[in-house]
$ cat protein_25.cif   # mmCIF, C-alpha atoms and all ligand atoms
data_final
#
loop_
_atom_site.group_PDB
_atom_site.id
_atom_site.type_symbol
_atom_site.label_atom_id
_atom_site.label_comp_id
_atom_site.auth_asym_id
_atom_site.auth_seq_id
_atom_site.Cartn_x
_atom_site.Cartn_y
_atom_site.Cartn_z
ATOM 1 C CA MET A 401 -167.130 16.719 -13.698
ATOM 2 C CA SER A 402 -165.035 19.682 -12.540
ATOM 3 C CA ARG A 403 -166.977 22.541 -10.928
ATOM 4 C CA LEU A 404 -166.980 26.179 -12.065
ATOM 5 C CA ASP A 405 -169.084 27.720 -9.290
ATOM 6 C CA GLY A 406 -168.786 31.507 -9.186
ATOM 7 C CA LYS A 407 -166.847 31.686 -12.476
ATOM 8 C CA VAL A 408 -167.779 33.772 -15.512
ATOM 9 C CA ALA A 409 -166.974 32.414 -18.986
ATOM 10 C CA LEU A 410 -167.003 33.835 -22.525
ATOM 11 C CA ILE A 411 -167.148 31.280 -25.337
ATOM 12 C CA SER A 412 -166.778 32.200 -29.014
ATOM 13 C CA GLY A 413 -168.644 30.226 -31.673
ATOM 14 C CA ALA A 414 -170.957 28.869 -28.983
ATOM 15 C CA ALA A 415 -174.270 28.899 -30.867
ATOM 16 C CA ARG A 416 -173.879 25.220 -31.788
ATOM 17 C CA GLY A 417 -171.494 22.268 -31.897
ATOM 18 C CA ILE A 418 -168.622 21.953 -29.430
ATOM 19 C CA GLY A 419 -169.013 25.566 -28.265
ATOM 20 C CA GLY A 420 -172.745 25.161 -27.643
ATOM 21 C CA GLU A 421 -172.209 21.996 -25.613
ATOM 22 C CA THR A 422 -169.387 23.676 -23.679
ATOM 23 C CA ALA A 423 -171.721 26.571 -22.791
ATOM 24 C CA ARG A 424 -174.328 24.087 -21.561
ATOM 25 C CA LEU A 425 -171.857 22.059 -19.470
ATOM 26 C CA MET A 426 -170.191 25.162 -18.033
ATOM 27 C CA ALA A 427 -173.565 26.501 -16.905
ATOM 28 C CA GLU A 428 -174.375 23.085 -15.425
ATOM 29 C CA ALA A 429 -171.034 23.215 -13.578
ATOM 30 C CA GLY A 430 -172.030 26.548 -11.991
ATOM 31 C CA ALA A 431 -170.538 29.172 -14.323
ATOM 32 C CA LYS A 432 -172.276 32.228 -15.754
ATOM 33 C CA VAL A 433 -171.765 32.064 -19.485
ATOM 34 C CA VAL A 434 -171.610 34.591 -22.320
ATOM 35 C CA VAL A 435 -172.319 32.873 -25.633
ATOM 36 C CA GLY A 436 -170.823 34.658 -28.646
ATOM 37 C CA ASP A 437 -171.399 33.798 -32.295
ATOM 38 C CA VAL A 438 -172.354 35.192 -35.685
ATOM 39 C CA LEU A 439 -175.422 32.897 -35.825
ATOM 40 C CA ASP A 440 -177.678 35.148 -33.772
ATOM 41 C CA ASP A 441 -180.908 33.099 -33.844
ATOM 42 C CA ARG A 442 -179.129 29.848 -33.049
ATOM 43 C CA GLY A 443 -177.088 31.564 -30.309
ATOM 44 C CA ARG A 444 -180.217 32.974 -28.682
ATOM 45 C CA GLN A 445 -181.793 29.506 -28.755
ATOM 46 C CA THR A 446 -178.729 28.050 -27.035
ATOM 47 C CA VAL A 447 -178.938 30.711 -24.329
ATOM 48 C CA ALA A 448 -182.698 30.226 -23.892
ATOM 49 C CA ALA A 449 -182.176 26.465 -23.393
ATOM 50 C CA ILE A 450 -179.425 27.045 -20.797
ATOM 51 C CA ASN A 451 -181.537 29.570 -18.889
ATOM 52 C CA ALA A 452 -184.639 27.359 -19.060
ATOM 53 C CA ALA A 453 -182.567 24.603 -17.394
ATOM 54 C CA GLY A 454 -181.710 26.955 -14.511
ATOM 55 C CA GLY A 455 -178.398 28.322 -15.803
ATOM 56 C CA GLN A 456 -177.361 31.943 -16.267
ATOM 57 C CA SER A 457 -176.246 32.949 -19.733
ATOM 58 C CA GLU A 458 -176.359 35.854 -22.182
ATOM 59 C CA TYR A 459 -175.983 36.012 -25.942
ATOM 60 C CA VAL A 460 -173.754 38.519 -27.742
ATOM 61 C CA HIS A 461 -173.139 38.954 -31.473
ATOM 62 C CA LEU A 462 -169.412 38.229 -31.737
ATOM 63 C CA ASP A 463 -167.582 38.027 -35.035
ATOM 64 C CA VAL A 464 -164.161 36.970 -33.783
ATOM 65 C CA THR A 465 -162.418 38.782 -36.637
ATOM 66 C CA ARG A 466 -163.682 42.170 -35.379
ATOM 67 C CA ASP A 467 -161.990 43.851 -32.442
ATOM 68 C CA LYS A 468 -165.064 45.990 -31.662
ATOM 69 C CA ASP A 469 -167.168 42.843 -31.215
ATOM 70 C CA TRP A 470 -164.620 41.404 -28.774
ATOM 71 C CA ILE A 471 -164.602 44.602 -26.728
ATOM 72 C CA ALA A 472 -168.429 44.522 -26.539
ATOM 73 C CA ALA A 473 -168.437 40.822 -25.570
ATOM 74 C CA VAL A 474 -165.907 41.308 -22.752
ATOM 75 C CA ASN A 475 -167.852 44.376 -21.567
ATOM 76 C CA LEU A 476 -171.064 42.341 -21.498
ATOM 77 C CA ALA A 477 -169.396 39.672 -19.325
ATOM 78 C CA THR A 478 -167.934 42.165 -16.855
ATOM 79 C CA GLY A 479 -170.995 44.470 -16.924
ATOM 80 C CA ARG A 480 -173.661 41.777 -16.559
ATOM 81 C CA PHE A 481 -171.775 39.204 -14.458
ATOM 82 C CA GLY A 482 -169.108 41.358 -12.753
ATOM 83 C CA LYS A 483 -165.873 39.804 -14.074
ATOM 84 C CA LEU A 484 -164.351 37.365 -16.584
ATOM 85 C CA ASP A 485 -162.515 34.213 -15.413
ATOM 86 C CA ILE A 486 -162.590 32.016 -18.522
ATOM 87 C CA LEU A 487 -162.203 32.588 -22.266
ATOM 88 C CA VAL A 488 -162.795 29.739 -24.704
ATOM 89 C CA ASN A 489 -161.520 30.551 -28.193
ATOM 90 C CA ASN A 490 -163.744 28.016 -29.916
ATOM 91 C CA ALA A 491 -164.993 29.702 -33.122
ATOM 92 C CA GLY A 492 -163.475 28.119 -36.188
ATOM 93 C CA VAL A 493 -164.086 27.377 -39.841
ATOM 94 C CA PHE A 494 -162.962 24.500 -42.040
ATOM 95 C CA ILE A 495 -162.074 24.377 -45.697
ATOM 96 C CA GLY A 496 -161.514 21.017 -47.302
ATOM 97 C CA LYS A 497 -159.303 22.208 -50.124
ATOM 98 C CA GLY A 498 -155.745 21.378 -51.116
ATOM 99 C CA ILE A 499 -152.850 23.767 -51.590
ATOM 100 C CA GLU A 500 -153.453 24.029 -55.337
ATOM 101 C CA GLU A 501 -157.243 24.446 -55.057
ATOM 102 C CA ILE A 502 -157.684 27.103 -52.371
ATOM 103 C CA SER A 503 -157.918 30.763 -53.430
ATOM 104 C CA LEU A 504 -156.176 33.617 -51.642
ATOM 105 C CA ASP A 505 -159.540 34.986 -50.473
ATOM 106 C CA GLU A 506 -160.513 31.613 -48.995
ATOM 107 C CA TRP A 507 -157.159 31.360 -47.223
ATOM 108 C CA ASN A 508 -157.488 34.880 -45.811
ATOM 109 C CA ARG A 509 -160.940 34.018 -44.438
ATOM 110 C CA LEU A 510 -159.593 30.834 -42.803
ATOM 111 C CA VAL A 511 -156.755 32.765 -41.173
ATOM 112 C CA ALA A 512 -159.079 35.585 -40.080
ATOM 113 C CA VAL A 513 -161.381 33.285 -38.107
ATOM 114 C CA ASN A 514 -159.019 30.502 -36.960
ATOM 115 C CA MET A 515 -155.978 32.618 -36.115
ATOM 116 C CA THR A 516 -156.781 36.347 -35.971
ATOM 117 C CA GLY A 517 -159.885 35.465 -33.931
ATOM 118 C CA VAL A 518 -157.788 33.636 -31.328
ATOM 119 C CA PHE A 519 -155.223 36.436 -31.179
ATOM 120 C CA LEU A 520 -157.871 39.168 -30.782
ATOM 121 C CA GLY A 521 -159.791 37.233 -28.129
ATOM 122 C CA THR A 522 -156.627 36.615 -26.134
ATOM 123 C CA LYS A 523 -155.454 40.220 -26.411
ATOM 124 C CA LEU A 524 -158.791 41.881 -25.668
ATOM 125 C CA ALA A 525 -159.942 39.554 -22.873
ATOM 126 C CA ALA A 526 -156.542 39.551 -21.127
ATOM 127 C CA PRO A 527 -157.105 42.696 -18.994
ATOM 128 C CA ALA A 528 -160.384 41.332 -17.548
ATOM 129 C CA LEU A 529 -158.918 37.843 -17.066
ATOM 130 C CA ARG A 530 -155.904 39.334 -15.329
ATOM 131 C CA GLU A 531 -158.146 41.340 -13.004
ATOM 132 C CA ALA A 532 -160.259 38.286 -12.070
ATOM 133 C CA ALA A 533 -157.092 36.236 -11.475
ATOM 134 C CA LYS A 534 -156.104 38.540 -8.612
ATOM 135 C CA SER A 535 -158.864 37.121 -6.438
ATOM 136 C CA SER A 536 -158.640 33.482 -7.577
ATOM 137 C CA GLU A 537 -156.288 30.917 -6.031
ATOM 138 C CA HIS A 538 -155.682 29.185 -9.383
ATOM 139 C CA GLY A 539 -155.920 32.238 -11.635
ATOM 140 C CA SER A 540 -157.947 32.675 -14.820
ATOM 141 C CA ALA A 541 -157.993 30.412 -17.861
ATOM 142 C CA ILE A 542 -157.977 30.511 -21.649
ATOM 143 C CA VAL A 543 -158.785 27.357 -23.597
ATOM 144 C CA ASN A 544 -158.046 27.365 -27.322
ATOM 145 C CA LEU A 545 -159.670 24.948 -29.753
ATOM 146 C CA ALA A 546 -156.818 23.525 -31.816
ATOM 147 C CA SER A 547 -157.194 20.074 -33.405
ATOM 148 C CA VAL A 548 -155.329 16.849 -34.021
ATOM 149 C CA ALA A 549 -154.644 18.637 -37.329
ATOM 150 C CA GLY A 550 -152.618 21.109 -35.264
ATOM 151 C CA ILE A 551 -150.274 18.384 -33.972
ATOM 152 C CA VAL A 552 -149.693 16.138 -36.981
ATOM 153 C CA GLY A 553 -149.752 16.928 -40.698
ATOM 154 C CA SER A 554 -152.881 16.510 -42.763
ATOM 155 C CA GLN A 555 -152.885 14.964 -46.251
ATOM 156 C CA LEU A 556 -156.301 16.374 -47.077
ATOM 157 C CA ASP A 557 -156.649 19.653 -45.160
ATOM 158 C CA PRO A 558 -153.201 21.298 -45.207
ATOM 159 C CA LEU A 559 -154.399 24.893 -44.847
ATOM 160 C CA TYR A 560 -156.801 24.164 -41.980
ATOM 161 C CA SER A 561 -153.919 22.226 -40.424
ATOM 162 C CA MET A 562 -151.630 25.248 -40.793
ATOM 163 C CA THR A 563 -154.069 27.464 -38.865
ATOM 164 C CA LYS A 564 -154.505 24.878 -36.105
ATOM 165 C CA GLY A 565 -150.733 24.356 -35.859
ATOM 166 C CA GLY A 566 -150.550 28.102 -35.308
ATOM 167 C CA VAL A 567 -153.108 27.888 -32.502
ATOM 168 C CA THR A 568 -151.116 25.053 -30.878
ATOM 169 C CA LEU A 569 -147.915 27.069 -30.659
ATOM 170 C CA PHE A 570 -149.631 30.387 -29.922
ATOM 171 C CA THR A 571 -151.150 28.659 -26.879
ATOM 172 C CA LYS A 572 -147.698 27.769 -25.572
ATOM 173 C CA SER A 573 -146.256 31.191 -26.353
ATOM 174 C CA ALA A 574 -149.181 33.034 -24.732
ATOM 175 C CA ALA A 575 -148.779 30.841 -21.623
ATOM 176 C CA LEU A 576 -145.092 31.802 -21.497
ATOM 177 C CA GLU A 577 -145.690 35.519 -22.102
ATOM 178 C CA PHE A 578 -148.439 35.757 -19.482
ATOM 179 C CA GLY A 579 -146.319 33.679 -17.079
ATOM 180 C CA ARG A 580 -143.359 36.009 -17.572
ATOM 181 C CA LYS A 581 -145.574 39.023 -16.946
ATOM 182 C CA GLY A 582 -147.075 37.473 -13.805
ATOM 183 C CA TYR A 583 -150.657 37.682 -15.121
ATOM 184 C CA ARG A 584 -151.802 34.337 -13.617
ATOM 185 C CA ILE A 585 -153.763 33.455 -16.759
ATOM 186 C CA ARG A 586 -153.353 29.779 -17.650
ATOM 187 C CA VAL A 587 -153.459 29.130 -21.415
ATOM 188 C CA ASN A 588 -154.046 25.620 -22.736
ATOM 189 C CA SER A 589 -155.277 24.026 -25.942
ATOM 190 C CA ILE A 590 -157.540 21.104 -26.656
ATOM 191 C CA HIS A 591 -157.071 18.861 -29.681
ATOM 192 C CA PRO A 592 -160.237 17.108 -30.804
ATOM 193 C CA GLY A 593 -160.216 14.198 -33.232
ATOM 194 C CA ILE A 594 -163.188 13.904 -35.584
ATOM 195 C CA ILE A 595 -166.300 15.151 -33.827
ATOM 196 C CA GLN A 596 -169.891 14.877 -35.066
ATOM 197 C CA THR A 597 -170.855 18.512 -35.591
ATOM 198 C CA ASP A 598 -171.666 20.658 -38.630
ATOM 199 C CA MET A 599 -167.923 20.996 -39.152
ATOM 200 C CA GLY A 600 -167.466 17.232 -38.814
ATOM 201 C CA GLU A 601 -170.058 16.838 -41.616
ATOM 202 C CA GLN A 602 -168.163 19.363 -43.744
ATOM 203 C CA THR A 603 -164.993 17.267 -43.412
ATOM 204 C CA PHE A 604 -166.859 14.143 -44.583
ATOM 205 C CA MET A 605 -168.416 16.008 -47.518
ATOM 206 C CA ALA A 606 -165.030 17.409 -48.590
ATOM 207 C CA ARG A 607 -163.581 13.900 -48.600
ATOM 208 C CA ALA A 608 -166.570 12.449 -50.480
ATOM 209 C CA GLN A 609 -166.480 15.179 -53.108
ATOM 210 C CA ARG A 610 -162.798 14.680 -53.630
ATOM 211 C CA ALA A 611 -163.633 11.074 -54.493
ATOM 212 C CA GLY A 612 -166.312 12.322 -56.928
ATOM 213 C CA SER A 613 -169.403 11.662 -54.780
ATOM 214 C CA ASN A 614 -171.849 13.493 -52.508
ATOM 215 C CA ASP A 615 -172.447 10.409 -50.371
ATOM 216 C CA THR A 616 -170.805 10.861 -46.975
ATOM 217 C CA ALA A 617 -171.847 7.477 -45.529
ATOM 218 C CA PRO A 618 -168.868 5.465 -46.878
ATOM 219 C CA VAL A 619 -166.455 8.213 -45.792
ATOM 220 C CA ARG A 620 -167.921 8.235 -42.286
ATOM 221 C CA GLN A 621 -167.540 4.455 -42.151
ATOM 222 C CA ASN A 622 -163.906 4.592 -43.342
ATOM 223 C CA VAL A 623 -162.994 7.366 -40.937
ATOM 224 C CA THR A 624 -164.648 5.581 -38.005
ATOM 225 C CA GLU A 625 -162.516 2.524 -38.755
ATOM 226 C CA THR A 626 -159.345 4.621 -38.363
ATOM 227 C CA VAL A 627 -160.278 5.599 -34.778
ATOM 228 C CA PRO A 628 -158.672 3.141 -32.336
ATOM 229 C CA TRP A 629 -161.507 3.624 -29.814
ATOM 230 C CA GLY A 630 -163.940 2.583 -32.549
ATOM 231 C CA ARG A 631 -166.310 5.538 -32.727
ATOM 232 C CA LEU A 632 -166.426 9.177 -33.776
ATOM 233 C CA GLY A 633 -166.384 11.853 -31.099
ATOM 234 C CA VAL A 634 -169.416 13.819 -29.921
ATOM 235 C CA PRO A 635 -169.398 17.433 -28.689
ATOM 236 C CA THR A 636 -169.688 16.428 -25.041
ATOM 237 C CA ASP A 637 -166.397 14.442 -25.279
ATOM 238 C CA ILE A 638 -164.620 17.717 -26.008
ATOM 239 C CA ALA A 639 -166.732 19.986 -23.798
ATOM 240 C CA LYS A 640 -165.817 17.895 -20.730
ATOM 241 C CA GLY A 641 -162.128 18.403 -21.511
ATOM 242 C CA ILE A 642 -162.651 22.150 -21.927
ATOM 243 C CA VAL A 643 -164.495 22.381 -18.594
ATOM 244 C CA PHE A 644 -161.589 20.556 -16.921
ATOM 245 C CA LEU A 645 -158.943 22.860 -18.449
ATOM 246 C CA ALA A 646 -160.975 25.929 -17.446
ATOM 247 C CA SER A 647 -161.481 24.700 -13.887
ATOM 248 C CA ASP A 648 -159.293 24.948 -10.800
ATOM 249 C CA ASP A 649 -158.659 21.183 -11.182
ATOM 250 C CA ALA A 650 -156.211 22.168 -13.946
ATOM 251 C CA GLY A 651 -154.603 24.786 -11.675
ATOM 252 C CA PHE A 652 -151.018 23.680 -12.472
ATOM 253 C CA MET A 653 -151.572 23.322 -16.229
ATOM 254 C CA THR A 654 -150.470 26.027 -18.636
ATOM 255 C CA GLY A 655 -148.970 25.870 -22.112
ATOM 256 C CA ALA A 656 -150.260 22.313 -22.458
ATOM 257 C CA GLY A 657 -152.385 20.512 -25.034
ATOM 258 C CA LEU A 658 -155.094 18.001 -24.141
ATOM 259 C CA VAL A 659 -155.643 15.453 -26.904
ATOM 260 C CA VAL A 660 -159.193 14.027 -27.053
ATOM 261 C CA ASP A 661 -159.237 11.932 -30.215
ATOM 262 C CA GLY A 662 -160.133 8.311 -29.429
ATOM 263 C CA GLY A 663 -156.482 7.391 -29.983
ATOM 264 C CA MET A 664 -156.160 8.725 -33.551
ATOM 265 C CA THR A 665 -152.787 10.384 -33.025
ATOM 266 C CA ALA A 666 -151.384 7.504 -30.963
ATOM 267 C CA THR A 667 -150.660 5.558 -34.156
HETATM 268 N N1 LIG B 701 -165.734 18.919 -35.467
HETATM 269 C C1 LIG B 701 -164.491 18.487 -35.535
HETATM 270 O O1 LIG B 701 -164.236 17.376 -36.028
HETATM 271 C C2 LIG B 701 -163.349 19.327 -34.974
HETATM 272 C C3 LIG B 701 -162.100 18.704 -34.858
HETATM 273 C C4 LIG B 701 -161.034 19.432 -34.359
HETATM 274 C C5 LIG B 701 -161.202 20.757 -34.001
HETATM 275 N N2 LIG B 701 -162.430 21.342 -34.123
HETATM 276 C C6 LIG B 701 -162.532 22.753 -33.749
HETATM 277 O O2 LIG B 701 -163.544 22.911 -32.762
HETATM 278 C C7 LIG B 701 -164.115 24.222 -32.873
HETATM 279 C C8 LIG B 701 -165.629 24.111 -32.908
HETATM 280 O O3 LIG B 701 -165.990 23.410 -34.083
HETATM 281 P P1 LIG B 701 -167.365 22.599 -34.269
HETATM 282 O O4 LIG B 701 -167.011 21.243 -34.725
HETATM 283 O O5 LIG B 701 -168.230 22.781 -33.102
HETATM 284 O O6 LIG B 701 -167.915 23.371 -35.575
HETATM 285 P P2 LIG B 701 -169.297 24.116 -35.877
HETATM 286 O O7 LIG B 701 -169.194 24.550 -37.284
HETATM 287 O O8 LIG B 701 -170.443 23.276 -35.457
HETATM 288 O O9 LIG B 701 -169.223 25.367 -34.883
HETATM 289 C C9 LIG B 701 -168.372 26.452 -35.113
HETATM 290 C C10 LIG B 701 -169.056 27.706 -34.617
HETATM 291 O O10 LIG B 701 -168.187 28.812 -34.885
HETATM 292 C C11 LIG B 701 -168.991 29.866 -35.366
HETATM 293 N N3 LIG B 701 -168.212 30.830 -36.156
HETATM 294 C C12 LIG B 701 -167.745 30.701 -37.422
HETATM 295 N N4 LIG B 701 -167.146 31.840 -37.795
HETATM 296 C C13 LIG B 701 -167.257 32.719 -36.763
HETATM 297 C C14 LIG B 701 -166.827 34.038 -36.553
HETATM 298 N N5 LIG B 701 -166.193 34.746 -37.489
HETATM 299 N N6 LIG B 701 -167.084 34.607 -35.336
HETATM 300 C C15 LIG B 701 -167.738 33.910 -34.383
HETATM 301 N N7 LIG B 701 -168.173 32.663 -34.537
HETATM 302 C C16 LIG B 701 -167.934 32.069 -35.721
HETATM 303 C C17 LIG B 701 -170.066 29.181 -36.202
HETATM 304 O O11 LIG B 701 -171.171 30.035 -36.439
HETATM 305 C C18 LIG B 701 -170.389 27.987 -35.332
HETATM 306 O O12 LIG B 701 -171.400 28.256 -34.405
HETATM 307 C C19 LIG B 701 -163.499 24.858 -34.117
HETATM 308 O O13 LIG B 701 -162.432 25.719 -33.748
HETATM 309 C C20 LIG B 701 -162.969 23.659 -34.873
HETATM 310 O O14 LIG B 701 -161.919 23.997 -35.745
HETATM 311 C C21 LIG B 701 -163.510 20.646 -34.602
#
$ encode --input "protein_25.cif" --output "structure tokens"
Amino acid sequence: MSRLDGKVALISGAARGIGGETARLMAEAGAKVVVGDVLDDRGRQTVAAINAAGGQSEYVHLDVTRDKDWIAAVNLATGRFGKLDILVNNAGVFIGKGIEEISLDEWNRLVAVNMTGVFLGTKLAAPALREAAKSSEHGSAIVNLASVAGIVGSQLDPLYSMTKGGVTLFTKSAALEFGRKGYRIRVNSIHPGIIQTDMGEQTFMARAQRAGSNDTAPVRQNVTETVPWGRLGVPTDIAKGIVFLASDDAGFMTGAGLVVDGGMTAT
């Protein structure tokens, strides 16, 4: 796995799931990690486990929709660990509703977390990332969690897909803007397929309920059969990709998207 020795990372939505596993792997790869989330107890447990294994991490309450929380999280990283090299915009929410079913309030919540959260993180971490980049051969890095639903259309989750499509193109535009300004902040996205996390379960439940059932087992079976590699993803499949994009091994990558989906979008 790529190394992150001497780097400092801030990961949103890192109490559990893909973000939690990314925090663990980043610490294992040598980074100091700030774990941000709205699930304070779970986030503190994640940090305690990392530190018990010999890593260095801190928890911060970070609601990605609030600019004050972002400022405090960046300040914690620079105050406690001296700088910020890596931002992972991982926090996200899912809503398994169609265009005619979703309410305006639900849509606004989806946009607030999945899009406003990514914008605010990028804007408010940029000064610290830019500063750290000055003393790093390969610059600083932002990794945004998009989705396969941000590359191809989604029959079942059109609104979630719209937010992730936004993250896909924002990633490219931010890479171009920061490149033009000479900031030396690489910005890339990762596009997971279906991953077994709480959110993965929510996607199965939404599909089951649409078919009039609460039984997710047949849905899981059907979805697994659509994956060319023959299994669902696990958080570590994605976390390894995030560590790579954040590392100096990806030093010539910016504005790119890494698809980690067991071949789902190859068809
Ligand atoms: N699981 C999948 O199949 C899948 C597929 C493609 C993309 N993704 C994306 O990967 C990312 C991580 O998802 P996951 O599967 O680990 O889901 P998850 O639900 O297990 O984790 C998401 C985390 O984000 C946090 N979060 C939610 N709202 C927040 C807010 N306002 N501020 C801060 N944190 C907040 C949650 O508390 C949780 O810890 C998301 O952006 C998701 O859209 C997941």
$ resolve_selection --input "protein_25.cif" --expression "the PyMOL selection byres (((not hetatm)) within 6 of (chain B and resi 701))" --output "PyMOL selection string"
chain A and resi 412-419+437-439+462-465+490-493+513+545-547+592-600
$ atom_distance --input "protein_25.cif" --atom1 "atom CA of Gly436 of chain A" --atom2 "atom CA of Asp485 of chain A"
15.6 Å
$ residues_around --input "protein_25.cif" --residues "Ala541 of chain A" --least-positions-apart "5" --cutoff "12 Å" --atoms "all atoms listed in the file" --output "number ranges by chain"
A: 404, 407-411, 484-489, 522, 525-526, 528-533, 536, 571, 574-575, 578, 583-589, 642-655
$ write_last_selection --input "protein_25.cif" --atoms "C-alpha atoms" --output "PDB file, keeping the file's coordinate frame"
ATOM      1  CA  LEU A 404    -166.980  26.179 -12.065  1.00  0.00           C
ATOM      2  CA  LYS A 407    -166.847  31.686 -12.476  1.00  0.00           C
ATOM      3  CA  VAL A 408    -167.779  33.772 -15.512  1.00  0.00           C
ATOM      4  CA  ALA A 409    -166.974  32.414 -18.986  1.00  0.00           C
ATOM      5  CA  LEU A 410    -167.003  33.835 -22.525  1.00  0.00           C
ATOM      6  CA  ILE A 411    -167.148  31.280 -25.337  1.00  0.00           C
ATOM      7  CA  LEU A 484    -164.351  37.365 -16.584  1.00  0.00           C
ATOM      8  CA  ASP A 485    -162.515  34.213 -15.413  1.00  0.00           C
ATOM      9  CA  ILE A 486    -162.590  32.016 -18.522  1.00  0.00           C
ATOM     10  CA  LEU A 487    -162.203  32.588 -22.266  1.00  0.00           C
ATOM     11  CA  VAL A 488    -162.795  29.739 -24.704  1.00  0.00           C
ATOM     12  CA  ASN A 489    -161.520  30.551 -28.193  1.00  0.00           C
ATOM     13  CA  THR A 522    -156.627  36.615 -26.134  1.00  0.00           C
ATOM     14  CA  ALA A 525    -159.942  39.554 -22.873  1.00  0.00           C
ATOM     15  CA  ALA A 526    -156.542  39.551 -21.127  1.00  0.00           C
ATOM     16  CA  ALA A 528    -160.384  41.332 -17.548  1.00  0.00           C
ATOM     17  CA  LEU A 529    -158.918  37.843 -17.066  1.00  0.00           C
ATOM     18  CA  ARG A 530    -155.904  39.334 -15.329  1.00  0.00           C
ATOM     19  CA  GLU A 531    -158.146  41.340 -13.004  1.00  0.00           C
ATOM     20  CA  ALA A 532    -160.259  38.286 -12.070  1.00  0.00           C
ATOM     21  CA  ALA A 533    -157.092  36.236 -11.475  1.00  0.00           C
ATOM     22  CA  SER A 536    -158.640  33.482  -7.577  1.00  0.00           C
ATOM     23  CA  THR A 571    -151.150  28.659 -26.879  1.00  0.00           C
ATOM     24  CA  ALA A 574    -149.181  33.034 -24.732  1.00  0.00           C
ATOM     25  CA  ALA A 575    -148.779  30.841 -21.623  1.00  0.00           C
ATOM     26  CA  PHE A 578    -148.439  35.757 -19.482  1.00  0.00           C
ATOM     27  CA  TYR A 583    -150.657  37.682 -15.121  1.00  0.00           C
ATOM     28  CA  ARG A 584    -151.802  34.337 -13.617  1.00  0.00           C
ATOM     29  CA  ILE A 585    -153.763  33.455 -16.759  1.00  0.00           C
ATOM     30  CA  ARG A 586    -153.353  29.779 -17.650  1.00  0.00           C
ATOM     31  CA  VAL A 587    -153.459  29.130 -21.415  1.00  0.00           C
ATOM     32  CA  ASN A 588    -154.046  25.620 -22.736  1.00  0.00           C
ATOM     33  CA  SER A 589    -155.277  24.026 -25.942  1.00  0.00           C
ATOM     34  CA  ILE A 642    -162.651  22.150 -21.927  1.00  0.00           C
ATOM     35  CA  VAL A 643    -164.495  22.381 -18.594  1.00  0.00           C
ATOM     36  CA  PHE A 644    -161.589  20.556 -16.921  1.00  0.00           C
ATOM     37  CA  LEU A 645    -158.943  22.860 -18.449  1.00  0.00           C
ATOM     38  CA  ALA A 646    -160.975  25.929 -17.446  1.00  0.00           C
ATOM     39  CA  SER A 647    -161.481  24.700 -13.887  1.00  0.00           C
ATOM     40  CA  ASP A 648    -159.293  24.948 -10.800  1.00  0.00           C
ATOM     41  CA  ASP A 649    -158.659  21.183 -11.182  1.00  0.00           C
ATOM     42  CA  ALA A 650    -156.211  22.168 -13.946  1.00  0.00           C
ATOM     43  CA  GLY A 651    -154.603  24.786 -11.675  1.00  0.00           C
ATOM     44  CA  PHE A 652    -151.018  23.680 -12.472  1.00  0.00           C
ATOM     45  CA  MET A 653    -151.572  23.322 -16.229  1.00  0.00           C
ATOM     46  CA  THR A 654    -150.470  26.027 -18.636  1.00  0.00           C
ATOM     47  CA  GLY A 655    -148.970  25.870 -22.112  1.00  0.00           C
TER      48      GLY A 655
END
$ closest_residue --input "protein_25.cif" --among "A:Pro635, A:Ala606, A:Met562, A:Val627" --to "Thr422 of chain A" --atoms "only C-alpha atoms"
A:Pro635
$ residues_around --input "protein_25.cif" --residues "Lys523 of chain A" --least-positions-apart "4" --cutoff "10 Å" --atoms "all atoms listed in the file" --output "PyMOL selection string"
chain A and resi 467+470+517-519+527+574
$ resolve_selection --input "protein_25.cif" --expression "the PyMOL selection byres (((chain A and resi 658) around 6) and not hetatm)" --output "short mmCIF file (atom, residue, chain, number, x, y, z; two decimals) with C-alpha atoms, keeping the file's coordinate frame"
data_model
loop_
_atom_site.label_atom_id
_atom_site.label_comp_id
_atom_site.auth_asym_id
_atom_site.auth_seq_id
_atom_site.Cartn_x
_atom_site.Cartn_y
_atom_site.Cartn_z
CA ILE A 590 -157.54 21.10 -26.66
CA HIS A 591 -157.07 18.86 -29.68
CA GLY A 657 -152.38 20.51 -25.03
CA VAL A 659 -155.64 15.45 -26.90
#
$ axis_aligned_box --input "protein_25.cif" --around "segment 484-495 of chain A" --padding-each-side "4 Å" --output "lines of an AutoDock Vina configuration file"
center_x = -163.3
center_y = 30.9
center_z = -30.6
size_x = 11.5
size_y = 21.0
size_z = 38.3
$ closest_residue --input "protein_25.cif" --among "A:Ile499, A:Leu476, A:Ala429, A:Arg631" --to "Gly455 of chain A" --atoms "all atoms listed in the file"
A:Ala429
$ closest_residue --input "protein_25.cif" --among "A:Arg403, A:Lys534, A:Lys497, A:Lys468" --to "Ala427 of chain A" --atoms "only C-alpha atoms"
A:Arg403
$ closest_residue --input "protein_25.cif" --among "A:Ile495, A:Met426, A:Val460, A:Ala472" --to "Gln602 of chain A" --atoms "all atoms listed in the file"
A:Ile495
$ closest_residue --input "protein_25.cif" --among "A:Val433, A:Val634, A:Ala423, A:Ala656" --to "Thr478 of chain A" --atoms "only C-alpha atoms"
A:Val433
$ atom_distance --input "protein_25.cif" --atom1 "atom CA of Val567 of chain A" --atom2 "atom CA of Met515 of chain A"
6.6 Å
$ closest_residue --input "protein_25.cif" --among "A:Ala639, A:Val434, A:Ala477, A:Gly521" --to "Glu458 of chain A" --atoms "all atoms listed in the file"
A:Val434
$ atom_distance --input "protein_25.cif" --atom1 "atom CA of Gly662 of chain A" --atom2 "atom CA of Trp629 of chain A"
4.9 Å
$ resolve_selection --input "protein_25.cif" --expression "the PyMOL selection byres (((chain A and resi 667) around 10) and not hetatm)" --output "PyMOL selection string"
chain A and resi 626-628+663-666
